Amino acid sequence: MKTTCSKIVGFWHYGVILTYLSVVAALVGMFLSIIINPFWGVVCLFISGICDGFDGAVAKSRKHRTDEDKTFGEQIDSLSDLVAFGIAPVVIGFALGMHQWYYIALFVLYTLCALIRLAYYNVTEEVRIKTGAGKRTSFEGLPVTNAAVGLPVFYVVATMFIYKAPLAMEIIMAVCYLLLSFLFVFRFRMPKAGVRGLCITIGIVTVLVIGLCLIRYYVCQVPLIP
């Protein structure tokens with residue numbers, strides 16, 4: 001099966017569609033966060049997480065993949081993760097009004113930790129493949145894609161205080177970025193979830209976020225899009 005074009009660089013097949021959609025969602029989310037409301041950036045971040053969660057399974061469904069094809073998929077996935085989960089989240093924070101120098105420093109730290117985590121994963125994955133260590137069953141450190149499930153939860157909780165205590169909102173979001181930054185580079189074993197595990201996680205986070213939104217609306221009297 002031909003996956004390259006003599007006139008255009010890259011590999012072109014359905015196996016990378018979800019990866020590209022993840023980047024598109026992240027970029028749209030960044031624009032919407034700045035132009036309209038960071039709420040839409042959080043929604044797009046969650047969509048990016050869903051796309052990234054299943055792009056590996058889609059890519060592996062293709063048979064007779066060449067080594068170049070596989071390597072391209074791995075590299076494009078890592079680069080898209082930096083955009084979607086290393087840069088988009090800090091744009092959301094900035095759009096929330098976190099403009100002070102110490103928040104900028106925090107955003108820089110967050111992106112650097114995400115970058116280091118992605119680069120470290122790429123190196124260890126290459127070594128694993130070369131040594132024939134077998135199928136990966138766990139990760140070292142928190143994968144950056146988990147920002148797509150962690151940040152929405154913190155965002156909903158933080159925006160409960162958006163009107164009455166904006167400083168509390170900023171502090172909660174700052175804790176979110178600090179915690180994610182630390183977990184990206186902290187060495188611990190995290191089991192790798194399969195497709196079923198991803199579906200369960202997405203379902204749990206969706207229910208949790210909806211529940212928190214209801215509490216925010218009825219108890220804190222903060223609208224869906226503050």
# chains A, B, ... in the order shown; residues from 1 in each chain; ligands from 1
call {"tool": "residues_around", "arguments": {"residues": "region 204-213 of chain A", "least_positions_apart": "6", "cutoff": "9 Å", "atoms": "only C-alpha atoms", "output": "MDAnalysis selection string"}}
result
chainID A and resid 149:150 152:153 156:157 160 222:224
call {"tool": "closest_atom_pairs", "arguments": {"of": "region 144-168 of chain A", "to": "region 111-122 of chain A", "cutoff": "10 Å", "atoms": "only C-alpha atoms", "output": "tab-separated table"}}
result
residue	atom	partner	partner_atom	distance
A:Val144	CA	A:Ala114	CA	6.0
A:Thr145	CA	A:Ala114	CA	9.5
A:Ala147	CA	A:Ala114	CA	9.8
call {"tool": "residues_around", "arguments": {"residues": "region 72-75 of chain A", "least_positions_apart": "3", "cutoff": "12 Å", "atoms": "only C-alpha atoms", "output": "PyMOL selection string"}}
result
chain A and resi 3-4+9-20+52+55-60+62+65-69+78-82+118-119+121-123+125-126
call {"tool": "write_last_selection", "arguments": {"atoms": "N, CA and C atoms", "output": "CSV table (one decimal), in the first residue's frame"}}
result
chain,number,residue,atom,x,y,z
A,3,THR,N,1.9,4.9,0.6
A,3,THR,CA,1.5,5.9,1.6
A,3,THR,C,2.2,7.3,1.4
A,4,THR,N,3.1,7.3,0.4
A,4,THR,CA,3.9,8.5,0.2
A,4,THR,C,3.5,9.1,-1.2
A,9,VAL,N,6.2,15.8,0.8
A,9,VAL,CA,6.8,15.1,1.8
A,9,VAL,C,5.8,14.6,2.8
A,10,GLY,N,6.2,13.5,3.5
A,10,GLY,CA,5.3,13.0,4.6
A,10,GLY,C,4.7,11.7,4.2
A,11,PHE,N,3.9,11.1,5.1
A,11,PHE,CA,3.2,9.8,4.8
A,11,PHE,C,1.7,10.2,4.9
A,12,TRP,N,1.0,9.7,4.0
A,12,TRP,CA,-0.4,10.1,3.9
A,12,TRP,C,-1.3,8.9,3.9
A,13,HIS,N,-2.0,8.7,5.0
A,13,HIS,CA,-2.9,7.5,5.2
A,13,HIS,C,-3.8,7.8,6.4
A,14,TYR,N,-4.8,7.0,6.6
A,14,TYR,CA,-5.7,7.2,7.7
A,14,TYR,C,-5.1,7.0,9.1
A,15,GLY,N,-4.0,6.4,9.2
A,15,GLY,CA,-3.3,6.1,10.5
A,15,GLY,C,-2.9,7.4,11.2
A,16,VAL,N,-2.7,8.5,10.5
A,16,VAL,CA,-2.3,9.7,11.2
A,16,VAL,C,-3.4,10.8,11.3
A,17,ILE,N,-4.6,10.5,10.9
A,17,ILE,CA,-5.6,11.5,10.8
A,17,ILE,C,-5.9,12.0,12.3
A,18,LEU,N,-6.1,11.1,13.2
A,18,LEU,CA,-6.4,11.5,14.6
A,18,LEU,C,-5.3,12.4,15.2
A,19,THR,N,-4.0,12.1,14.8
A,19,THR,CA,-2.9,12.9,15.3
A,19,THR,C,-3.1,14.3,14.8
A,20,TYR,N,-3.4,14.5,13.5
A,20,TYR,CA,-3.6,15.8,12.9
A,20,TYR,C,-4.8,16.5,13.5
A,52,ASP,N,-5.8,11.9,20.7
A,52,ASP,CA,-4.4,11.3,20.9
A,52,ASP,C,-4.5,9.9,21.6
A,55,ASP,N,-5.2,7.4,18.7
A,55,ASP,CA,-4.5,7.5,17.4
A,55,ASP,C,-3.5,6.3,17.2
A,56,GLY,N,-3.0,5.8,18.4
A,56,GLY,CA,-2.1,4.7,18.3
A,56,GLY,C,-2.8,3.4,17.9
A,57,ALA,N,-4.0,3.2,18.4
A,57,ALA,CA,-4.8,2.0,18.0
A,57,ALA,C,-5.1,2.1,16.5
A,58,VAL,N,-5.5,3.3,16.1
A,58,VAL,CA,-5.8,3.4,14.6
A,58,VAL,C,-4.6,3.2,13.8
A,59,ALA,N,-3.5,3.7,14.2
A,59,ALA,CA,-2.2,3.5,13.4
A,59,ALA,C,-1.9,2.0,13.3
A,60,LYS,N,-2.0,1.3,14.4
A,60,LYS,CA,-1.6,-0.1,14.4
A,60,LYS,C,-2.6,-1.0,13.7
A,62,ARG,N,-3.4,-0.6,10.7
A,62,ARG,CA,-2.9,-0.7,9.3
A,62,ARG,C,-1.8,-1.8,9.3
A,65,ARG,N,3.1,-2.0,7.6
A,65,ARG,CA,3.7,-0.7,7.8
A,65,ARG,C,5.2,-0.8,7.7
A,66,THR,N,5.8,0.1,6.9
A,66,THR,CA,7.3,0.1,6.8
A,66,THR,C,7.9,0.8,8.1
A,67,ASP,N,9.2,0.6,8.3
A,67,ASP,CA,9.9,1.2,9.4
A,67,ASP,C,9.8,2.7,9.4
A,68,GLU,N,9.9,3.3,8.1
A,68,GLU,CA,9.8,4.7,8.0
A,68,GLU,C,8.4,5.2,8.3
A,69,ASP,N,7.4,4.5,7.9
A,69,ASP,CA,6.0,4.8,8.2
A,69,ASP,C,5.8,4.8,9.8
A,78,SER,N,4.6,12.8,18.7
A,78,SER,CA,5.3,13.5,19.8
A,78,SER,C,5.3,15.0,19.6
A,79,LEU,N,5.4,15.4,18.3
A,79,LEU,CA,5.4,16.8,18.0
A,79,LEU,C,4.0,17.4,18.2
A,80,SER,N,3.0,16.6,17.9
A,80,SER,CA,1.6,17.1,18.1
A,80,SER,C,1.3,17.2,19.6
A,81,ASP,N,1.9,16.3,20.4
A,81,ASP,CA,1.7,16.3,21.8
A,81,ASP,C,2.2,17.6,22.5
A,82,LEU,N,3.4,18.0,21.9
A,82,LEU,CA,4.0,19.3,22.5
A,82,LEU,C,3.0,20.5,22.2
A,118,LEU,N,8.5,14.4,26.9
A,118,LEU,CA,8.3,13.9,25.6
A,118,LEU,C,9.6,13.4,25.0
A,119,ALA,N,10.7,14.2,25.1
A,119,ALA,CA,12.0,13.8,24.6
A,119,ALA,C,12.5,12.5,25.3
A,121,TYR,N,10.7,10.2,26.7
A,121,TYR,CA,9.9,9.1,26.2
A,121,TYR,C,10.4,8.6,24.8
A,122,ASN,N,10.7,9.5,24.0
A,122,ASN,CA,11.2,9.2,22.6
A,122,ASN,C,12.5,8.4,22.7
A,123,VAL,N,13.4,8.8,23.6
A,123,VAL,CA,14.7,8.1,23.7
A,123,VAL,C,14.5,6.7,24.3
A,125,GLU,N,11.8,4.9,24.3
A,125,GLU,CA,11.1,4.1,23.3
A,125,GLU,C,12.0,3.5,22.2
A,126,GLU,N,12.9,4.4,21.7
A,126,GLU,CA,13.9,3.9,20.7
A,126,GLU,C,14.8,2.9,21.2
call {"tool": "closest_residue", "arguments": {"among": "A:Val108, A:Val24, A:Met30, A:Cys51", "to": "Ile92 (chain A)", "atoms": "only C-alpha atoms"}}
result
A:Met30
call {"tool": "residues_around", "arguments": {"residues": "Thr137 (chain A)", "least_positions_apart": "5", "cutoff": "12 Å", "atoms": "only C-alpha atoms", "output": "CSV table (one decimal) with N, CA, C and O atoms, in the first residue's frame"}}
result
chain,number,residue,atom,x,y,z
A,125,GLU,N,11.8,4.9,24.3
A,125,GLU,CA,11.1,4.1,23.3
A,125,GLU,C,12.0,3.5,22.2
A,125,GLU,O,11.9,2.4,21.8
A,128,ARG,N,14.1,0.8,23.7
A,128,ARG,CA,13.2,-0.4,23.9
A,128,ARG,C,13.1,-1.2,22.6
A,128,ARG,O,13.2,-2.4,22.6
A,189,ARG,N,6.3,4.8,38.1
A,189,ARG,CA,5.7,3.9,37.1
A,189,ARG,C,4.2,4.1,37.0
A,189,ARG,O,3.5,4.0,38.0
A,190,MET,N,3.7,4.3,35.8
A,190,MET,CA,2.3,4.5,35.6
A,190,MET,C,1.9,3.5,34.6
A,190,MET,O,2.4,3.4,33.4
A,191,PRO,N,1.0,2.6,34.9
A,191,PRO,CA,0.5,1.5,34.0
A,191,PRO,C,-0.1,2.1,32.7
A,191,PRO,O,-0.7,3.2,32.7
A,192,LYS,N,0.2,1.5,31.6
A,192,LYS,CA,-0.3,1.9,30.3
A,192,LYS,C,-1.7,1.4,30.1
A,192,LYS,O,-1.9,0.2,30.2
A,193,ALA,N,-2.7,2.3,29.9
A,193,ALA,CA,-4.1,1.9,29.7
A,193,ALA,C,-4.3,1.5,28.2
A,193,ALA,O,-3.8,2.1,27.3
A,194,GLY,N,-5.1,0.4,28.1
A,194,GLY,CA,-5.5,0.0,26.7
A,194,GLY,C,-6.7,0.8,26.3
A,194,GLY,O,-7.1,1.8,26.9
call {"tool": "select_by_dssp", "arguments": {"residues": "region 20-217 of chain A", "states": "strand (DSSP E)", "output": "ChimeraX atom specification"}}
result
/A:138-140,189-191
call {"tool": "atom_distance", "arguments": {"atom1": "CA of Val83 (chain A)", "atom2": "CA of Asn146 (chain A)"}}
result
13.7 Å
call {"tool": "closest_residue", "arguments": {"among": "A:Ala165, A:Ala84, A:Ala174, A:Leu32", "to": "Ala105 (chain A)", "atoms": "only C-alpha atoms"}}
result
A:Ala174
call {"tool": "atom_distance", "arguments": {"atom1": "CA of Ile200 (chain A)", "atom2": "CA of Ser181 (chain A)"}}
result
24.6 Å
call {"tool": "closest_residue", "arguments": {"among": "A:Val185, A:Ile215, A:Ile87, A:Val175", "to": "Ala148 (chain A)", "atoms": "only C-alpha atoms"}}
result
A:Ile87
call {"tool": "residues_around", "arguments": {"residues": "region 39-42 of chain A", "least_positions_apart": "3", "cutoff": "8 Å", "atoms": "only C-alpha atoms", "output": "list in words"}}
result
Ala26, Val28, Gly29, Met30, Phe31, Leu32, Ser33, Ile36, Leu45, Phe46, Ala88, Pro89, Ile92, Leu151, Pro152, Tyr155, Ile225 and Pro226 of chain A
call {"tool": "closest_residue", "arguments": {"among": "A:Ala25, A:Val91, A:Ile162, A:Ile34", "to": "Gln221 (chain A)", "atoms": "only C-alpha atoms"}}
result
A:Ile162
